[in-house]
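Participant: Structure incoming, see below.
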Amino acid sequence: MYGKSIGLSLGLGFLLLLITYAIIIGSVDVRSYFFPLLQSPPGAASLRAKADSPPLRVYMYDLPRRFHVGMLHRHSTDESPVTAGNFPPWPRNTGLKKQHSVEYWMMASLVYDGGGGSGGREAVRVLDPESADVFFVPFFSSLSFNTHGHNMTDPETEIDRKLQIDLMEFLRQSKYWQRSGGRDHVIPMTHPNAFRFLREQVNASILIVADFGRFSKTMSNLNKDVVAPYVHVVESFLDDDTVDPYGLRPLLLFFRGRTVRKDEGIVRAKLAKILAGYDDVHYERSIATVESIKMSTQGMRSSKFCLHPAGDTPSSCRLFDAIVSHCVPVIVSDQIELPYEDEIDYSQFSIFFSVEEALTPGYMVAQLRLFPKERWIEMWKQLRTISHHYEFHYPPQKEDAVDMLWREIKHKLPRVKLAVHRNRRLKIPDWWGQRR
């Protein structure tokens, strides 16, 4: 009996010693071993880590107004530094210029001084470049193209070219550009012709693009660049709360816009012929005016499905107009890339047809007519849930479009750091891209 007591005491003592040692060196999760019911469910730790991850630290270059907000008021002589107090609002009735204004909203999110942090927005502005994760270049390249010359041969485009030359001279003098070769620099260029004169000189940077239609594979790709949504031009459907959304949308399919486009966009003219003659399909040729945008707003809100064929490039603003109208997008574009696709599954609220399928007479309309009402309502509910990710605000809001873009940029950082570190030690041109 005495021997058993000694053995029991020695066993307990050894167990306590083992537990103490394990706690000290951190090799055993004692709580999970002895109290498995106290463990968090699978995935909870990673979700907490994501929610608690520090914000992206962004240093914004202090460029003269002519590179950014000076284009909004071209006759203004104001050269004072841009602050939250004097940051100009985006002008009303700017038509299609608005759809490529992501650059403006990204700058606005950094100018705003209302705070941020791990519990707030995804990015915070830092004034010390040494503490920055990335460097934002506030050049409104899309607005510059739209402002300085109305077409590619207009002599006024020389202003756009000169801005690009001056910007590159400025960046080359920055030790932070030199240090990384521009790899940790963020440059928006969502218009397909933005930065067109010197585009190849920023091909290492993180580019904010609408799609890759006008970019070569050697310059822009999903590994380093971020796909942004267009800024929608129709009004958001804020009071779309009804018990019968399906019944209140009498049209089956809606499209209103230009039908003569280049490249993959030639599908629009072909669809005009295929979709003619259906009573519940509205396919109309139109140009963007204040009145036509109002008519498109009403049309999308009256339709179950909204058609999104490719434009001059694989994407167009129409997809995001449909999303904020809670009209299920029907996407006909074989080469489209979509924003935030590592977080958002577009198949949950969109329907996809290949160009070949869409151009098969009767096929697309037949498929949409057979689409179950219950499934459509699920998609409509999903659109209402995710549409705030496609809204651009000032002051910025958590998980709005720009906040989501900063998060996407944060996801690129590991690759950026890898590229920067490799570049610092390579003594010859990068052999990896040249291997057979």
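How things are named: the first chain in the structure tokens is A, the next is B, and so on; residues count from 1 in each chain; ligands count from 1 in the order shown.
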Could you name the residues that touch stretch 124-139 of chain A at 10 Å or less, counting only C-alpha atoms, but leaving out those on the same chain fewer than 5 positions away, as an MDAnalysis selection string?

Facilitator: chainID A and resid 54:69 103:104 106:113 115:118 144 163:164 167 171 176:177 182:189 195 205:206 406 409:410 413 416:417

Participant: Would you mind writing down, as a list in words, each residue of stretch 258-404 of chain A that DSSP on the backbone assigns to strand (DSSP E or B)?

Facilitator: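 Reading the DSSP output for stretch 258-404 of chain A, strand (DSSP E or B) covers Val281, His282, Tyr283, Glu284, Arg285, Ser303, Lys304, Phe305, Cys306, Leu307, His308, Pro309, Val328, Pro329, Val330, Ile331, Val332, Ile351, Phe352 and Phe353 of chain A.
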
Participant: With N, CA, C and O atoms retained, write the just-selected residues as a compact mmCIF listing (two decimals), in the first residue's frame.

Facilitator:
# COMPACT_ATOMS: atom_id res chain seq x y z
N VAL A 281 -36.88 41.15 -73.78
CA VAL A 281 -35.46 41.51 -73.85
C VAL A 281 -35.33 42.93 -74.37
O VAL A 281 -35.90 43.27 -75.42
N HIS A 282 -34.61 43.77 -73.62
CA HIS A 282 -34.38 45.16 -74.04
C HIS A 282 -32.91 45.30 -74.40
O HIS A 282 -32.03 45.27 -73.53
N TYR A 283 -32.62 45.46 -75.69
CA TYR A 283 -31.24 45.62 -76.17
C TYR A 283 -31.22 46.88 -77.03
O TYR A 283 -31.72 46.89 -78.15
N GLU A 284 -30.62 47.94 -76.50
CA GLU A 284 -30.72 49.25 -77.14
C GLU A 284 -29.35 49.89 -77.31
O GLU A 284 -28.52 49.89 -76.39
N ARG A 285 -29.12 50.44 -78.48
CA ARG A 285 -27.89 51.20 -78.73
C ARG A 285 -28.05 52.59 -78.13
O ARG A 285 -29.06 53.25 -78.32
N SER A 303 -35.26 44.82 -64.51
CA SER A 303 -34.90 43.60 -65.20
C SER A 303 -34.34 42.56 -64.24
O SER A 303 -33.67 42.89 -63.26
N LYS A 304 -34.62 41.31 -64.52
CA LYS A 304 -34.08 40.21 -63.71
C LYS A 304 -32.59 40.00 -63.99
O LYS A 304 -31.81 39.75 -63.07
N PHE A 305 -32.22 40.09 -65.27
CA PHE A 305 -30.84 39.88 -65.68
C PHE A 305 -30.33 41.08 -66.46
O PHE A 305 -31.09 41.68 -67.23
N CYS A 306 -29.05 41.42 -66.27
CA CYS A 306 -28.43 42.52 -67.01
C CYS A 306 -27.24 41.99 -67.77
O CYS A 306 -26.34 41.37 -67.19
N LEU A 307 -27.24 42.23 -69.07
CA LEU A 307 -26.22 41.69 -69.95
C LEU A 307 -24.93 42.51 -69.87
O LEU A 307 -24.95 43.74 -69.94
N HIS A 308 -23.82 41.79 -69.76
CA HIS A 308 -22.50 42.43 -69.71
C HIS A 308 -21.60 41.79 -70.75
O HIS A 308 -20.82 40.88 -70.47
N PRO A 309 -21.68 42.26 -72.01
CA PRO A 309 -20.73 41.79 -73.02
C PRO A 309 -19.44 42.60 -72.93
O PRO A 309 -19.41 43.70 -72.38
N VAL A 328 -29.07 40.59 -61.71
CA VAL A 328 -28.12 39.48 -61.85
C VAL A 328 -27.32 39.65 -63.14
O VAL A 328 -27.88 39.64 -64.24
N PRO A 329 -25.99 39.80 -63.04
CA PRO A 329 -25.19 40.00 -64.24
C PRO A 329 -25.10 38.74 -65.10
O PRO A 329 -24.94 37.64 -64.58
N VAL A 330 -25.21 38.94 -66.40
CA VAL A 330 -24.99 37.88 -67.37
C VAL A 330 -23.73 38.28 -68.14
O VAL A 330 -23.74 39.21 -68.94
N ILE A 331 -22.64 37.59 -67.87
CA ILE A 331 -21.32 38.01 -68.36
C ILE A 331 -20.94 37.21 -69.59
O ILE A 331 -20.89 35.99 -69.57
N VAL A 332 -20.68 37.95 -70.68
CA VAL A 332 -20.24 37.35 -71.94
C VAL A 332 -18.90 37.97 -72.28
O VAL A 332 -18.82 39.01 -72.94
N ILE A 351 -24.12 34.96 -63.87
CA ILE A 351 -24.21 33.85 -64.82
C ILE A 351 -23.22 34.12 -65.95
O ILE A 351 -23.11 35.26 -66.43
N PHE A 352 -22.51 33.09 -66.37
CA PHE A 352 -21.47 33.24 -67.38
C PHE A 352 -21.81 32.44 -68.63
O PHE A 352 -22.20 31.27 -68.54
N PHE A 353 -21.66 33.10 -69.78
CA PHE A 353 -21.77 32.43 -71.07
C PHE A 353 -20.49 32.72 -71.85
O PHE A 353 -19.98 33.84 -71.82

Participant: Hey, which bits of stretch 284-379 of chain A sit within 12 Å of stretch 238-242 of chain A, and for each residue what's the closest pair of atoms and how far apart in Å (one decimal), counting only C-alpha atoms, rows by chain and increasing number, as JSON lines?

Facilitator:
{"residue": "A:Arg301", "atom": "CA", "partner": "A:Asp240", "partner_atom": "CA", "distance": 8.9}
{"residue": "A:Ser302", "atom": "CA", "partner": "A:Asp240", "partner_atom": "CA", "distance": 11.3}
{"residue": "A:Ile323", "atom": "CA", "partner": "A:Leu238", "partner_atom": "CA", "distance": 11.9}
{"residue": "A:Val324", "atom": "CA", "partner": "A:Leu238", "partner_atom": "CA", "distance": 8.5}
{"residue": "A:Ser325", "atom": "CA", "partner": "A:Asp240", "partner_atom": "CA", "distance": 8.5}
{"residue": "A:His326", "atom": "CA", "partner": "A:Asp240", "partner_atom": "CA", "distance": 8.0}
{"residue": "A:Cys327", "atom": "CA", "partner": "A:Asp240", "partner_atom": "CA", "distance": 10.8}
{"residue": "A:Ile377", "atom": "CA", "partner": "A:Thr242", "partner_atom": "CA", "distance": 11.2}

Participant: In Å, how far is it from atom CA of A:Met364 to atom CA of A:Phe237?

Facilitator: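 Between atom CA of A:Met364 and atom CA of A:Phe237 the gap works out to 26.2 Å.
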
Participant: In Å to one decimal, how far is atom CA of A:Val227 from atom CA of A:Pro339?

Facilitator: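 Result for atom CA of A:Pro339 versus atom CA of A:Val227: 5.0 Å, one decimal.
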
Participant: Between atom CA of A:Tyr340 and atom CA of A:Gly114, what distance in Å does the model show, to one decimal?

Facilitator: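 Between atom CA of A:Tyr340 and atom CA of A:Gly114 the gap is 25.1 Å.
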
Participant: Excluding A:Lys270 and its own-chain neighbours fewer than 5 positions away, which residues fall within 10 Å of it when counting only C-alpha atoms? Please give them as a list in words.

Facilitator: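 Result of the neighbour search: Thr259, Val260, Gly265, Leu275, Ala358 and Leu359 of chain A.
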
Participant: Choose the residue, out of A:Val234, A:Ile344, A:Ile293, A:Met404, that has the smallest atom-to-atom separation from A:Ala322; count only C-alpha atoms.

Facilitator: A:Val234

Participant: Measuring atom to atom with only C-alpha atoms, identify which of A:Lys373, A:Arg199, A:Arg92, A:His191 is nearest to A:Thr313.

Facilitator: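 Checking each candidate against A:Thr313, we get A:His191 as the closest.
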
Participant: Which is closer to A:Leu418 than all the others in A:Tyr230, A:Glu122, A:Asp403, A:Lys224, using only C-alpha atoms?

Facilitator: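 So, comparing all the options, the nearest one is A:Lys224.
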
Participant: Could you pull the residues within 12 Å of A:Glu341, counting only C-alpha atoms, minus those fewer than 3 positions along the same chain, as a list in words?

Facilitator: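 The neighbour list is Leu222, Val226, Val227, Ala228, Pro229, Ile336, Glu337, Leu338, Ile344, Asp345, Tyr346, Ser347, Gln348, His389, Met404, Leu405 and Glu408 of chain A.
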
Participant: Store the residues picked out above, limited to N, CA, C and O atoms, as an mmCIF file, in the first residue's frame.

Facilitator:
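Final output, again.cif:
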data_model
loop_
_atom_site.group_PDB
_atom_site.id
_atom_site.type_symbol
_atom_site.label_atom_id
_atom_site.label_comp_id
_atom_site.auth_asym_id
_atom_site.auth_seq_id
_atom_site.Cartn_x
_atom_site.Cartn_y
_atom_site.Cartn_z
ATOM 1 N N LEU A 222 -1.717 38.911 -62.977
ATOM 2 C CA LEU A 222 -2.396 38.758 -61.687
ATOM 3 C C LEU A 222 -1.430 38.506 -60.533
ATOM 4 O O LEU A 222 -1.792 38.701 -59.371
ATOM 5 N N VAL A 226 -3.397 44.384 -59.380
ATOM 6 C CA VAL A 226 -4.704 44.293 -58.719
ATOM 7 C C VAL A 226 -5.792 44.763 -59.683
ATOM 8 O O VAL A 226 -5.685 45.847 -60.273
ATOM 9 N N VAL A 227 -6.824 43.942 -59.834
ATOM 10 C CA VAL A 227 -7.973 44.299 -60.670
ATOM 11 C C VAL A 227 -8.965 45.103 -59.832
ATOM 12 O O VAL A 227 -9.391 44.652 -58.761
ATOM 13 N N ALA A 228 -9.311 46.280 -60.318
ATOM 14 C CA ALA A 228 -10.233 47.164 -59.596
ATOM 15 C C ALA A 228 -11.590 47.187 -60.286
ATOM 16 O O ALA A 228 -11.681 47.038 -61.504
ATOM 17 N N PRO A 229 -12.653 47.396 -59.526
ATOM 18 C CA PRO A 229 -13.953 47.616 -60.169
ATOM 19 C C PRO A 229 -13.998 48.998 -60.798
ATOM 20 O O PRO A 229 -13.289 49.913 -60.369
ATOM 21 N N ILE A 336 -12.280 38.030 -69.294
ATOM 22 C CA ILE A 336 -12.492 38.971 -68.200
ATOM 23 C C ILE A 336 -11.790 38.486 -66.926
ATOM 24 O O ILE A 336 -11.720 37.289 -66.659
ATOM 25 N N GLU A 337 -11.247 39.425 -66.166
ATOM 26 C CA GLU A 337 -10.763 39.176 -64.813
ATOM 27 C C GLU A 337 -11.581 40.070 -63.880
ATOM 28 O O GLU A 337 -11.992 41.167 -64.269
ATOM 29 N N LEU A 338 -11.807 39.604 -62.654
ATOM 30 C CA LEU A 338 -12.771 40.261 -61.778
ATOM 31 C C LEU A 338 -12.125 40.705 -60.468
ATOM 32 O O LEU A 338 -11.202 40.054 -59.970
ATOM 33 N N ILE A 344 -14.264 36.771 -53.227
ATOM 34 C CA ILE A 344 -15.653 36.774 -53.677
ATOM 35 C C ILE A 344 -15.835 35.775 -54.814
ATOM 36 O O ILE A 344 -15.076 35.775 -55.787
ATOM 37 N N ASP A 345 -16.847 34.915 -54.694
ATOM 38 C CA ASP A 345 -17.178 33.928 -55.718
ATOM 39 C C ASP A 345 -18.297 34.492 -56.585
ATOM 40 O O ASP A 345 -19.467 34.526 -56.174
ATOM 41 N N TYR A 346 -17.954 34.943 -57.779
ATOM 42 C CA TYR A 346 -18.946 35.604 -58.645
ATOM 43 C C TYR A 346 -20.019 34.651 -59.135
ATOM 44 O O TYR A 346 -21.107 35.091 -59.540
ATOM 45 N N SER A 347 -19.749 33.362 -59.119
ATOM 46 C CA SER A 347 -20.776 32.411 -59.563
ATOM 47 C C SER A 347 -21.959 32.359 -58.602
ATOM 48 O O SER A 347 -23.004 31.811 -58.941
ATOM 49 N N GLN A 348 -21.802 32.953 -57.415
ATOM 50 C CA GLN A 348 -22.900 33.000 -56.456
ATOM 51 C C GLN A 348 -23.947 34.056 -56.811
ATOM 52 O O GLN A 348 -25.058 34.021 -56.283
ATOM 53 N N HIS A 389 -19.229 46.427 -51.426
ATOM 54 C CA HIS A 389 -17.819 46.288 -51.794
ATOM 55 C C HIS A 389 -17.504 47.016 -53.103
ATOM 56 O O HIS A 389 -16.330 47.122 -53.479
ATOM 57 N N MET A 404 -11.254 47.453 -49.934
ATOM 58 C CA MET A 404 -11.012 46.122 -50.493
ATOM 59 C C MET A 404 -9.765 46.119 -51.386
ATOM 60 O O MET A 404 -8.996 45.157 -51.393
ATOM 61 N N LEU A 405 -9.548 47.210 -52.123
ATOM 62 C CA LEU A 405 -8.370 47.293 -52.978
ATOM 63 C C LEU A 405 -7.090 47.318 -52.155
ATOM 64 O O LEU A 405 -6.098 46.657 -52.501
ATOM 65 N N GLU A 408 -6.357 43.887 -51.159
ATOM 66 C CA GLU A 408 -5.778 43.119 -52.255
ATOM 67 C C GLU A 408 -4.295 43.444 -52.420
ATOM 68 O O GLU A 408 -3.475 42.554 -52.692
#

Participant: Given only C-alpha atoms as the basis, pick out the residue of A:Pro250, A:Gly311, A:Gly149, A:Gly181 nearest to A:Ala269.

Facilitator: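 Going through A:Pro250, A:Gly311, A:Gly149, A:Gly181 one by one, the smallest distance to A:Ala269 is for A:Gly311.
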